[in-house]
>>> print(open('my_file-v7.cif').read())   # mmCIF, C-alpha atoms and all ligand atoms
data_final
loop_
_atom_site.label_atom_id
_atom_site.label_comp_id
_atom_site.auth_asym_id
_atom_site.auth_seq_id
_atom_site.Cartn_x
_atom_site.Cartn_y
_atom_site.Cartn_z
CA MET A 1 104.91 134.63 221.07
CA ALA A 2 108.17 136.60 221.14
CA LYS A 3 109.97 136.89 224.48
CA ALA A 4 112.87 138.96 225.71
CA THR A 5 116.23 137.53 224.69
CA PRO A 6 118.50 136.17 227.46
CA SER A 7 121.14 138.52 228.74
CA GLY A 8 124.50 137.39 230.11
CA ALA A 9 127.97 136.54 228.94
CA ASP A 10 127.07 134.00 226.26
CA PRO A 11 123.54 134.35 224.90
CA LEU A 12 124.16 131.58 222.32
CA ALA A 13 124.92 129.12 225.14
CA ALA A 14 121.72 130.19 226.91
CA TYR A 15 119.65 129.77 223.73
CA ARG A 16 121.19 126.34 223.20
CA ALA A 17 120.42 125.27 226.79
CA ASP A 18 116.74 126.27 226.36
CA ASN A 19 116.54 124.36 223.09
CA LEU A 20 118.20 121.27 224.53
CA ALA A 21 115.76 121.20 227.46
CA ALA A 22 112.85 121.54 225.04
CA TRP A 23 114.04 118.66 222.82
CA ASP A 24 114.95 116.38 225.71
CA GLU A 25 111.47 116.76 227.15
CA ARG A 26 109.69 116.29 223.82
CA ALA A 27 111.59 113.22 222.58
CA PRO A 28 109.75 110.55 224.66
CA ALA A 29 106.38 112.12 223.83
CA HIS A 30 107.29 112.18 220.13
CA ALA A 31 108.21 108.48 220.26
CA ARG A 32 104.70 107.79 221.65
CA ALA A 33 102.93 110.21 219.27
CA ALA A 34 100.92 108.84 216.36
CA GLY A 35 102.62 111.33 214.01
CA TYR A 36 106.03 109.64 214.07
CA LYS A 37 104.41 106.22 213.33
CA VAL A 38 106.99 104.31 215.40
CA GLN A 39 104.71 101.26 215.59
CA ASN A 40 104.76 100.98 211.77
CA PHE A 41 108.54 100.41 211.89
CA LEU A 42 108.07 97.63 214.46
CA ASP A 43 105.22 95.96 212.55
CA ASP A 44 106.74 96.07 209.08
CA SER A 45 110.48 95.57 208.47
CA SER A 46 110.24 97.33 205.09
CA TYR A 47 108.36 100.40 206.39
CA LEU A 48 109.95 103.78 205.57
CA SER A 49 109.03 107.15 207.09
CA ASP A 50 106.81 109.47 205.05
CA VAL A 51 109.72 111.95 204.89
CA VAL A 52 112.16 109.46 203.35
CA THR A 53 109.45 108.04 201.07
CA PHE A 54 108.86 111.57 199.74
CA ASP A 55 112.63 112.06 199.32
CA LEU A 56 113.27 108.81 197.45
CA PRO A 57 112.93 110.01 193.83
CA LEU A 58 115.45 112.82 194.48
CA LEU A 59 117.76 111.00 196.88
CA GLY A 60 119.04 108.39 194.42
CA GLU A 61 120.64 105.05 195.24
CA ILE A 62 122.28 104.90 198.69
CA THR A 63 122.79 101.14 199.10
CA GLY A 64 126.27 100.41 200.46
CA MET A 65 126.98 104.05 201.23
CA ARG A 66 128.11 105.45 204.58
CA GLY A 67 125.59 108.10 205.61
CA LEU A 68 125.28 110.63 208.42
CA HIS A 69 121.92 111.93 209.59
CA LEU A 70 122.59 115.29 211.22
CA GLN A 71 120.04 116.20 213.94
CA CYS A 72 118.45 112.77 213.71
CA HIS A 73 115.98 113.23 216.62
CA ILE A 74 114.24 109.90 217.47
CA GLY A 75 115.80 108.19 214.46
CA THR A 76 112.80 107.33 212.30
CA ASP A 77 114.38 108.81 209.17
CA THR A 78 117.81 107.41 210.13
CA LEU A 79 116.30 103.93 210.36
CA SER A 80 114.55 104.43 207.01
CA LEU A 81 117.89 105.31 205.37
CA ALA A 82 119.45 102.20 206.95
CA ARG A 83 116.59 100.13 205.53
CA LEU A 84 117.50 101.48 202.09
CA GLY A 85 120.91 99.85 202.53
CA ALA A 86 123.11 102.66 203.89
CA THR A 87 125.39 102.22 206.89
CA MET A 88 124.07 105.01 209.10
CA THR A 89 125.32 107.26 211.85
CA GLY A 90 122.83 109.56 213.58
CA LEU A 91 123.97 112.68 215.43
CA ASP A 92 121.91 114.83 217.77
CA PHE A 93 122.62 116.96 220.85
CA SER A 94 119.62 115.56 222.72
CA GLY A 95 120.43 112.48 224.81
CA ALA A 96 116.72 111.75 225.28
CA SER A 97 116.20 111.80 221.49
CA LEU A 98 119.09 109.39 220.98
CA ALA A 99 117.78 107.07 223.71
CA GLU A 100 114.52 106.78 221.73
CA ALA A 101 116.44 106.35 218.47
CA GLN A 102 118.60 103.60 219.98
CA ARG A 103 115.52 101.84 221.38
CA LEU A 104 113.91 101.84 217.93
CA ALA A 105 117.08 100.60 216.23
CA ASP A 106 117.47 97.80 218.80
CA ALA A 107 113.80 96.80 218.57
CA THR A 108 114.09 96.48 214.79
CA GLY A 109 117.49 94.75 214.90
CA THR A 110 119.19 97.56 212.97
CA HIS A 111 122.78 98.62 213.56
CA ILE A 112 123.06 102.42 213.62
CA ASP A 113 125.79 104.40 215.40
CA PHE A 114 124.23 107.19 217.43
CA VAL A 115 126.45 110.03 218.60
CA GLN A 116 125.51 112.79 221.03
CA ALA A 117 127.07 116.09 219.97
CA ASP A 118 126.27 119.56 218.77
CA ALA A 119 125.87 119.74 215.00
CA TYR A 120 128.67 122.30 214.87
CA ASP A 121 131.00 119.79 216.59
CA ALA A 122 130.27 116.95 214.16
CA VAL A 123 133.70 116.99 212.49
CA LYS A 124 135.44 117.09 215.86
CA VAL A 125 133.60 113.99 217.09
CA LEU A 126 133.24 112.01 213.85
CA GLY A 127 136.29 113.03 211.82
CA ALA A 128 136.59 114.73 208.44
CA GLY A 129 135.91 113.17 205.03
CA ARG A 130 134.15 110.05 206.30
CA PHE A 131 130.70 110.14 204.72
CA ASP A 132 129.29 109.43 201.26
CA PHE A 133 126.26 111.54 202.15
CA VAL A 134 124.95 113.84 204.85
CA PHE A 135 121.17 113.84 205.27
CA THR A 136 119.32 116.47 207.30
CA GLY A 137 116.28 118.70 207.41
CA ILE A 138 112.58 118.97 208.30
CA GLY A 139 113.17 121.31 211.18
CA ALA A 140 116.94 121.00 211.61
CA LEU A 141 118.65 124.10 210.15
CA CYS A 142 116.33 126.48 212.03
CA TRP A 143 118.00 125.52 215.36
CA LEU A 144 121.41 126.64 214.13
CA PRO A 145 122.24 130.36 214.23
CA ASP A 146 124.83 130.43 211.42
CA VAL A 147 124.26 128.74 208.07
CA ARG A 148 127.80 129.47 206.84
CA ARG A 149 129.32 127.68 209.82
CA TRP A 150 126.95 124.74 209.22
CA SER A 151 127.88 124.54 205.52
CA ALA A 152 131.59 124.32 206.43
CA VAL A 153 130.84 121.42 208.81
CA VAL A 154 128.83 119.59 206.14
CA SER A 155 131.55 120.05 203.53
CA ASP A 156 134.24 118.79 205.93
CA LEU A 157 132.19 115.71 206.84
CA LEU A 158 131.82 114.60 203.20
CA LYS A 159 134.25 112.43 201.27
CA PRO A 160 135.29 113.88 197.90
CA GLY A 161 132.36 113.04 195.58
CA GLY A 162 129.96 112.78 198.54
CA PHE A 163 126.72 114.75 198.71
CA LEU A 164 124.49 116.72 201.06
CA PHE A 165 120.77 115.95 200.86
CA ILE A 166 118.43 118.30 202.64
CA ARG A 167 114.68 118.72 202.54
CA GLU A 168 113.91 121.58 204.84
CA GLY A 169 111.17 123.97 205.85
CA HIS A 170 111.20 126.90 203.40
CA PRO A 171 112.40 130.22 204.87
CA MET A 172 109.24 131.83 203.44
CA LEU A 173 107.17 129.44 205.59
CA TRP A 174 109.26 130.16 208.70
CA SER A 175 108.73 133.91 208.19
CA LEU A 176 104.93 133.61 208.55
CA ASP A 177 102.89 134.27 211.68
CA GLU A 178 100.90 131.07 212.20
CA ASN A 179 98.55 132.85 214.65
CA VAL A 180 96.95 135.09 211.99
CA ASP A 181 93.74 133.26 211.10
CA ASP A 182 92.43 134.73 207.89
CA ASP A 183 95.54 135.39 205.79
CA LEU A 184 99.23 134.69 205.27
CA ALA A 185 101.10 137.32 207.30
CA VAL A 186 104.87 137.83 207.13
CA ARG A 187 106.07 138.54 210.66
CA TYR A 188 109.53 137.05 211.22
CA PRO A 189 112.82 137.68 209.39
CA TYR A 190 113.24 135.85 206.08
CA PHE A 191 116.99 136.47 206.18
CA GLU A 192 119.44 135.21 208.80
CA VAL A 193 119.88 137.70 211.64
CA ALA A 194 121.77 137.31 214.91
CA ALA A 195 118.73 137.68 217.16
CA PRO A 196 116.69 134.48 217.33
CA ILE A 197 112.95 134.07 217.00
CA THR A 198 112.04 133.14 220.57
CA ASP A 199 108.88 131.13 221.22
CA ASP A 200 107.05 130.27 224.43
CA TYR A 201 104.92 127.22 223.62
CA ASP A 202 104.08 124.23 225.81
CA GLY A 203 103.05 122.03 222.87
CA SER A 204 104.78 120.52 219.86
CA TYR A 205 104.57 120.54 216.07
CA LEU A 206 102.62 117.31 216.30
CA GLU A 207 99.90 116.10 218.62
CA THR A 208 101.21 114.51 221.83
CA ASP A 209 99.78 113.44 225.20
CA THR A 210 101.91 116.01 227.09
CA LYS A 211 102.00 119.67 228.14
CA PHE A 212 105.70 120.51 228.25
CA ARG A 213 107.41 122.45 231.02
CA ALA A 214 110.35 123.44 228.81
CA SER A 215 108.38 125.89 226.69
CA ILE A 216 111.03 128.39 225.53
CA SER A 217 112.87 127.77 222.27
CA HIS A 218 115.00 129.88 219.94
CA SER A 219 115.30 129.51 216.18
CA TRP A 220 116.86 131.29 213.22
CA ASN A 221 115.75 131.65 209.62
CA HIS A 222 118.14 131.27 206.67
CA GLY A 223 117.15 132.66 203.26
CA ILE A 224 117.40 130.30 200.29
CA GLY A 225 120.10 132.47 198.72
CA GLU A 226 122.09 132.51 201.96
CA THR A 227 122.01 128.71 202.23
CA VAL A 228 122.88 128.17 198.56
CA THR A 229 125.68 130.74 198.65
CA ALA A 230 127.12 129.25 201.85
CA LEU A 231 127.30 125.82 200.16
CA LEU A 232 128.74 127.26 196.92
CA ASP A 233 131.40 129.08 198.94
CA GLN A 234 132.48 125.69 200.32
CA GLY A 235 133.02 124.57 196.71
CA LEU A 236 129.97 122.28 196.67
CA VAL A 237 128.11 121.90 193.39
CA ILE A 238 124.33 122.39 193.64
CA GLU A 239 122.76 119.48 191.73
CA LEU A 240 119.14 120.30 192.45
CA LEU A 241 117.04 122.85 194.28
CA ILE A 242 113.31 122.23 194.18
CA GLU A 243 110.65 124.15 196.11
CA HIS A 244 107.56 122.23 197.22
CA ASP A 245 104.08 123.50 198.05
CA SER A 246 103.71 121.02 200.92
CA ALA A 247 105.37 120.04 204.20
CA PRO A 248 105.30 116.78 206.17
CA TRP A 249 103.81 118.41 209.28
CA GLU A 250 100.88 120.73 210.02
CA ALA A 251 103.00 123.85 209.72
CA LEU A 252 100.14 126.41 209.66
CA PRO A 253 97.37 124.98 211.86
CA GLY A 254 93.89 125.69 210.53
CA LYS A 255 95.06 126.66 207.03
CA LEU A 256 96.28 123.32 205.66
CA VAL A 257 94.87 120.00 204.46
CA GLU A 258 96.71 116.68 204.59
CA ASP A 259 97.05 114.33 201.64
CA ALA A 260 97.23 110.53 201.75
CA HIS A 261 101.05 110.61 202.08
CA GLY A 262 101.22 112.78 205.21
CA GLU A 263 101.99 115.99 203.27
CA TRP A 264 100.20 119.21 204.25
CA HIS A 265 99.43 122.06 201.83
CA LEU A 266 97.37 125.26 201.85
CA ALA A 267 93.67 124.43 201.66
CA GLU A 268 93.22 127.40 199.30
CA GLY A 269 95.67 128.69 196.72
CA ARG A 270 98.50 126.27 197.43
CA GLU A 271 100.48 127.87 194.62
CA ARG A 272 100.99 130.97 196.79
CA LEU A 273 103.51 129.51 199.21
CA PRO A 274 106.67 127.39 199.03
CA MET A 275 106.53 125.29 202.20
CA THR A 276 109.65 123.13 201.88
CA TYR A 277 112.60 122.76 199.54
CA THR A 278 114.92 119.92 198.57
CA LEU A 279 118.55 120.62 197.84
CA ARG A 280 121.29 118.20 196.79
CA ALA A 281 124.88 119.47 196.68
CA ARG A 282 128.01 117.50 195.87
CA LYS A 283 131.61 117.84 196.96
CA SER A 284 134.03 117.73 194.05
CA LEU A 285 136.34 114.74 193.58
C1 LIG A 301 112.57 118.49 214.30
S1 LIG A 301 113.94 117.51 214.76
C2 LIG A 301 114.52 117.26 213.13
C3 LIG A 301 114.81 115.81 212.86
C4 LIG A 301 113.92 115.07 211.93
N1 LIG A 301 113.59 115.85 210.79
C5 LIG A 301 112.71 114.59 212.64
O1 LIG A 301 111.66 115.25 212.56
O2 LIG A 301 112.76 113.54 213.26
C6 LIG A 301 115.20 118.66 215.34
C7 LIG A 301 116.36 117.94 216.04
O3 LIG A 301 117.49 118.83 216.06
C8 LIG A 301 118.18 118.60 217.25
N2 LIG A 301 119.03 119.78 217.50
C9 LIG A 301 118.65 121.05 217.72
N3 LIG A 301 119.73 121.84 217.86
C10 LIG A 301 120.82 121.05 217.72
C11 LIG A 301 122.22 121.29 217.75
N4 LIG A 301 122.70 122.51 217.95
N5 LIG A 301 123.06 120.26 217.55
C12 LIG A 301 122.57 118.99 217.35
N6 LIG A 301 121.25 118.71 217.33
C13 LIG A 301 120.38 119.72 217.49
C14 LIG A 301 117.09 118.38 218.29
O4 LIG A 301 117.56 117.71 219.43
C15 LIG A 301 116.07 117.57 217.50
O5 LIG A 301 116.26 116.20 217.72
#
>>> encode(input="my_file-v7.cif", output="structure tokens")
Amino acid sequence: MAKATPSGADPLAAYRADNLAAWDERAPAHARAAGYKVQNFLDDSSYLSDVVTFDLPLLGEITGMRGLHLQCHIGTDTLSLARLGATMTGLDFSGASLAEAQRLADATGTHIDFVQADAYDAVKVLGAGRFDFVFTGIGALCWLPDVRRWSAVVSDLLKPGGFLFIREGHPMLWSLDENVDDDLAVRYPYFEVAAPITDDYDGSYLETDTKFRASISHSWNHGIGETVTALLDQGLVIELLIEHDSAPWEALPGKLVEDAHGEWHLAEGRERLPMTYTLRARKSL
């Protein structure tokens, strides 16, 4: 449900504070939630998250590479990338998320460097030109108001020849009103605009045991063309851009069915809606 936007000297700082409170409160519940399958990582040293398993055919070989997971949350995908042989750093602004990520890395005997910082400050805290790849997505870009600023950060983080790998919620999906029961209804901006989409919701995108007090969050959509153009303007070469008719979470409750691999797609007419996309872009040598 849309709410009034915060007033005051720096609305972006106020939006960020709301989002941080929401993520800090959700992180421990997510680590306990069945959906993140944390126990599978503890039980099986070769287990990979559904997200990274889906990515594998497009990701390519990462053994021996230095990788950065931007907005790594509780670190399940970061750990999966480490298990594929990459030396991983995970960055997130949520200390509670990183505490869960560190706990999982320690419990599985995996060395991962976790760094608490805003995504926009990643170059400041990690240094420029250090990574063979930057991995992000599945609900990451939508928390950042400016896709052009993000693309400059990603480009600066990469070594020459390094690549960005993102599988992200499709802007067409983010533009839909999930509360309309009997149809797909476009309600929110497809294109990036300054004003955020503000939600008041005491739950999460997956089932947890908790009603959350930090219910307000603010997000921004970024059209496919805007994201691609922002990366091209940084001089990155787009190597692939593939739209998928499924997402790894129940993005439109009541309208989707889940397959055996944890991917959700429209129960009827799945060809109507791109739900996620994968993009790989490379920095020139
Ligand atoms: C849905 S998670 C995405 C991560 C991953 N796909 C997952 O599901 O585990 C979004 C993450 O972005 C982080 N985040 C949101 N805004 C951020 C910002 N401005 N800087 C750094 N991290 C941010 C949150 O703390 C959260 O951990």
>>> closest_residue(input="my_file-v7.cif", among="A:Gln71, A:Thr87, A:Asn40, A:Ser45", to="ligand LIG 301 (chain A)", atoms="all atoms listed in the file")
A:Gln71
>>> residues_around(input="my_file-v7.cif", residues="Ala267 in chain A", least_positions_apart="3", cutoff="8 Å", atoms="all atoms listed in the file", output="list in words")
Lys255, Leu256, Val257 and Arg270 of chain A
>>> closest_residue(input="my_file-v7.cif", among="A:Glu100, A:Glu243, A:Asp132, A:Asp202", to="His170 in chain A", atoms="only C-alpha atoms")
A:Glu243
>>> atom_distance(input="my_file-v7.cif", atom1="CA of Ala9 in chain A", atom2="atom C14 of ligand LIG 301 (chain A)")
23.7 Å
>>> closest_residue(input="my_file-v7.cif", among="A:Phe93, A:Phe131, A:Phe163, A:Tyr205", to="ligand LIG 301 (chain A)", atoms="all atoms listed in the file")
A:Phe93
>>> residues_near_ligand(input="my_file-v7.cif", ligand="ligand LIG 301 (chain A)", cutoff="6 Å", atoms="only C-alpha atoms and all ligand atoms", output="list in words")
Trp23, Gln71, Cys72, His73, Ile74, Asp92, Phe93, Ser94, Ser97, Ala117, Asp118, Ala119, Gly137, Ile138, Gly139, Ala140, Trp143 and Leu144 of chain A
>>> residues_near_point(input="my_file-v7.cif", point="(118.6, 132.2, 199.5)", cutoff="10 Å", atoms="all atoms listed in the file", output="PDB file with C-alpha atoms, keeping the file's coordinate frame")
ATOM      1  CA  HIS A 170     111.200 126.900 203.400  1.00  0.00           C
ATOM      2  CA  PRO A 171     112.400 130.220 204.870  1.00  0.00           C
ATOM      3  CA  TYR A 190     113.240 135.850 206.080  1.00  0.00           C
ATOM      4  CA  PHE A 191     116.990 136.470 206.180  1.00  0.00           C
ATOM      5  CA  GLU A 192     119.440 135.210 208.800  1.00  0.00           C
ATOM      6  CA  HIS A 222     118.140 131.270 206.670  1.00  0.00           C
ATOM      7  CA  GLY A 223     117.150 132.660 203.260  1.00  0.00           C
ATOM      8  CA  ILE A 224     117.400 130.300 200.290  1.00  0.00           C
ATOM      9  CA  GLY A 225     120.100 132.470 198.720  1.00  0.00           C
ATOM     10  CA  GLU A 226     122.090 132.510 201.960  1.00  0.00           C
ATOM     11  CA  THR A 227     122.010 128.710 202.230  1.00  0.00           C
ATOM     12  CA  VAL A 228     122.880 128.170 198.560  1.00  0.00           C
ATOM     13  CA  THR A 229     125.680 130.740 198.650  1.00  0.00           C
ATOM     14  CA  ALA A 230     127.120 129.250 201.850  1.00  0.00           C
TER      15      ALA A 230
END
>>> residues_near_point(input="my_file-v7.cif", point="(116.2, 120.7, 196.6)", cutoff="9 Å", atoms="all atoms listed in the file", output="list in words")
Leu58, Phe165, Ile166, Arg167, Glu168, Ile238, Glu239, Leu240, Leu241, Ile242, Glu243, His244, Thr276, Tyr277, Thr278, Leu279, Arg280 and Ala281 of chain A
>>> residues_around(input="my_file-v7.cif", residues="Gly35 in chain A", least_positions_apart="2", cutoff="10 Å", atoms="all atoms listed in the file", output="PDB file with C-alpha atoms, in the coordinates of the input")
ATOM      1  CA  HIS A  30     107.290 112.180 220.130  1.00  0.00           C
ATOM      2  CA  ALA A  31     108.210 108.480 220.260  1.00  0.00           C
ATOM      3  CA  ARG A  32     104.700 107.790 221.650  1.00  0.00           C
ATOM      4  CA  ALA A  33     102.930 110.210 219.270  1.00  0.00           C
ATOM      5  CA  LYS A  37     104.410 106.220 213.330  1.00  0.00           C
ATOM      6  CA  VAL A  38     106.990 104.310 215.400  1.00  0.00           C
ATOM      7  CA  TYR A 205     104.570 120.540 216.070  1.00  0.00           C
ATOM      8  CA  LEU A 206     102.620 117.310 216.300  1.00  0.00           C
ATOM      9  CA  GLU A 207      99.900 116.100 218.620  1.00  0.00           C
ATOM     10  CA  THR A 208     101.210 114.510 221.830  1.00  0.00           C
ATOM     11  CA  PRO A 248     105.300 116.780 206.170  1.00  0.00           C
ATOM     12  CA  TRP A 249     103.810 118.410 209.280  1.00  0.00           C
ATOM     13  CA  GLY A 262     101.220 112.780 205.210  1.00  0.00           C
TER      14      GLY A 262
END
>>> atom_distance(input="my_file-v7.cif", atom1="CA of His261 in chain A", atom2="CA of Gln39 in chain A")
16.8 Å
>>> atom_distance(input="my_file-v7.cif", atom1="CA of Asp183 in chain A", atom2="CA of Ala247 in chain A")
18.3 Å
>>> closest_residue(input="my_file-v7.cif", among="A:Leu285, A:Ala194, A:Ala17, A:Ala99", to="Val147 in chain A", atoms="only C-alpha atoms")
A:Ala194
>>> residues_around(input="my_file-v7.cif", residues="Arg16 in chain A", least_positions_apart="5", cutoff="9 Å", atoms="only C-alpha atoms", output="PyMOL selection string")
chain A and resi 11+21+143+217-218
>>> closest_residue(input="my_file-v7.cif", among="A:Tyr120, A:Phe133, A:Phe114, A:Tyr188", to="Ser151 in chain A", atoms="all atoms listed in the file")
A:Tyr120
>>> closest_residue(input="my_file-v7.cif", among="A:Val180, A:Ile197, A:Cys142, A:Leu81", to="Ser49 in chain A", atoms="all atoms listed in the file")
A:Leu81
>>> residues_around(input="my_file-v7.cif", residues="range 59-62 of chain A", least_positions_apart="4", cutoff="7 Å", atoms="only C-alpha atoms", output="ChimeraX atom specification")
/A:55,84-86
>>> axis_aligned_box(input="my_file-v7.cif", around="range 22-40 of chain A", padding_each_side="5 Å", output="AutoDock Vina command-line options")
--center_x 107.9 --center_y 111.3 --center_z 219.5 --size_x 24.0 --size_y 30.6 --size_z 25.4
>>> decode(input="my_file-v7.cif", residues="range 142-167 of chain A", atoms="C-alpha atoms", output="compact mmCIF listing (two decimals), in the first residue's frame")
# COMPACT_ATOMS: atom_id res chain seq x y z
CA CYS A 142 15.21 -2.24 -6.50
CA TRP A 143 16.60 -0.82 -3.22
CA LEU A 144 18.87 1.61 -5.07
CA PRO A 145 17.34 4.84 -6.40
CA ASP A 146 19.79 5.48 -9.27
CA VAL A 147 20.81 2.76 -11.72
CA ARG A 148 23.39 4.98 -13.44
CA ARG A 149 25.21 5.59 -10.17
CA TRP A 150 25.13 1.84 -9.45
CA SER A 151 26.53 0.98 -12.90
CA ALA A 152 29.49 3.34 -12.31
CA VAL A 153 30.22 1.59 -9.00
CA VAL A 154 30.07 -1.85 -10.63
CA SER A 155 32.37 -0.79 -13.47
CA ASP A 156 34.90 0.71 -11.03
CA LEU A 157 34.92 -2.44 -8.89
CA LEU A 158 35.81 -4.71 -11.83
CA LYS A 159 39.30 -5.51 -13.07
CA PRO A 160 39.79 -4.98 -16.81
CA GLY A 161 38.27 -8.13 -18.39
CA GLY A 162 36.07 -8.73 -15.33
CA PHE A 163 32.31 -9.17 -15.59
CA LEU A 164 29.03 -8.25 -13.92
CA PHE A 165 26.54 -11.09 -13.48
CA ILE A 166 23.03 -10.16 -12.46
CA ARG A 167 19.81 -12.11 -12.36
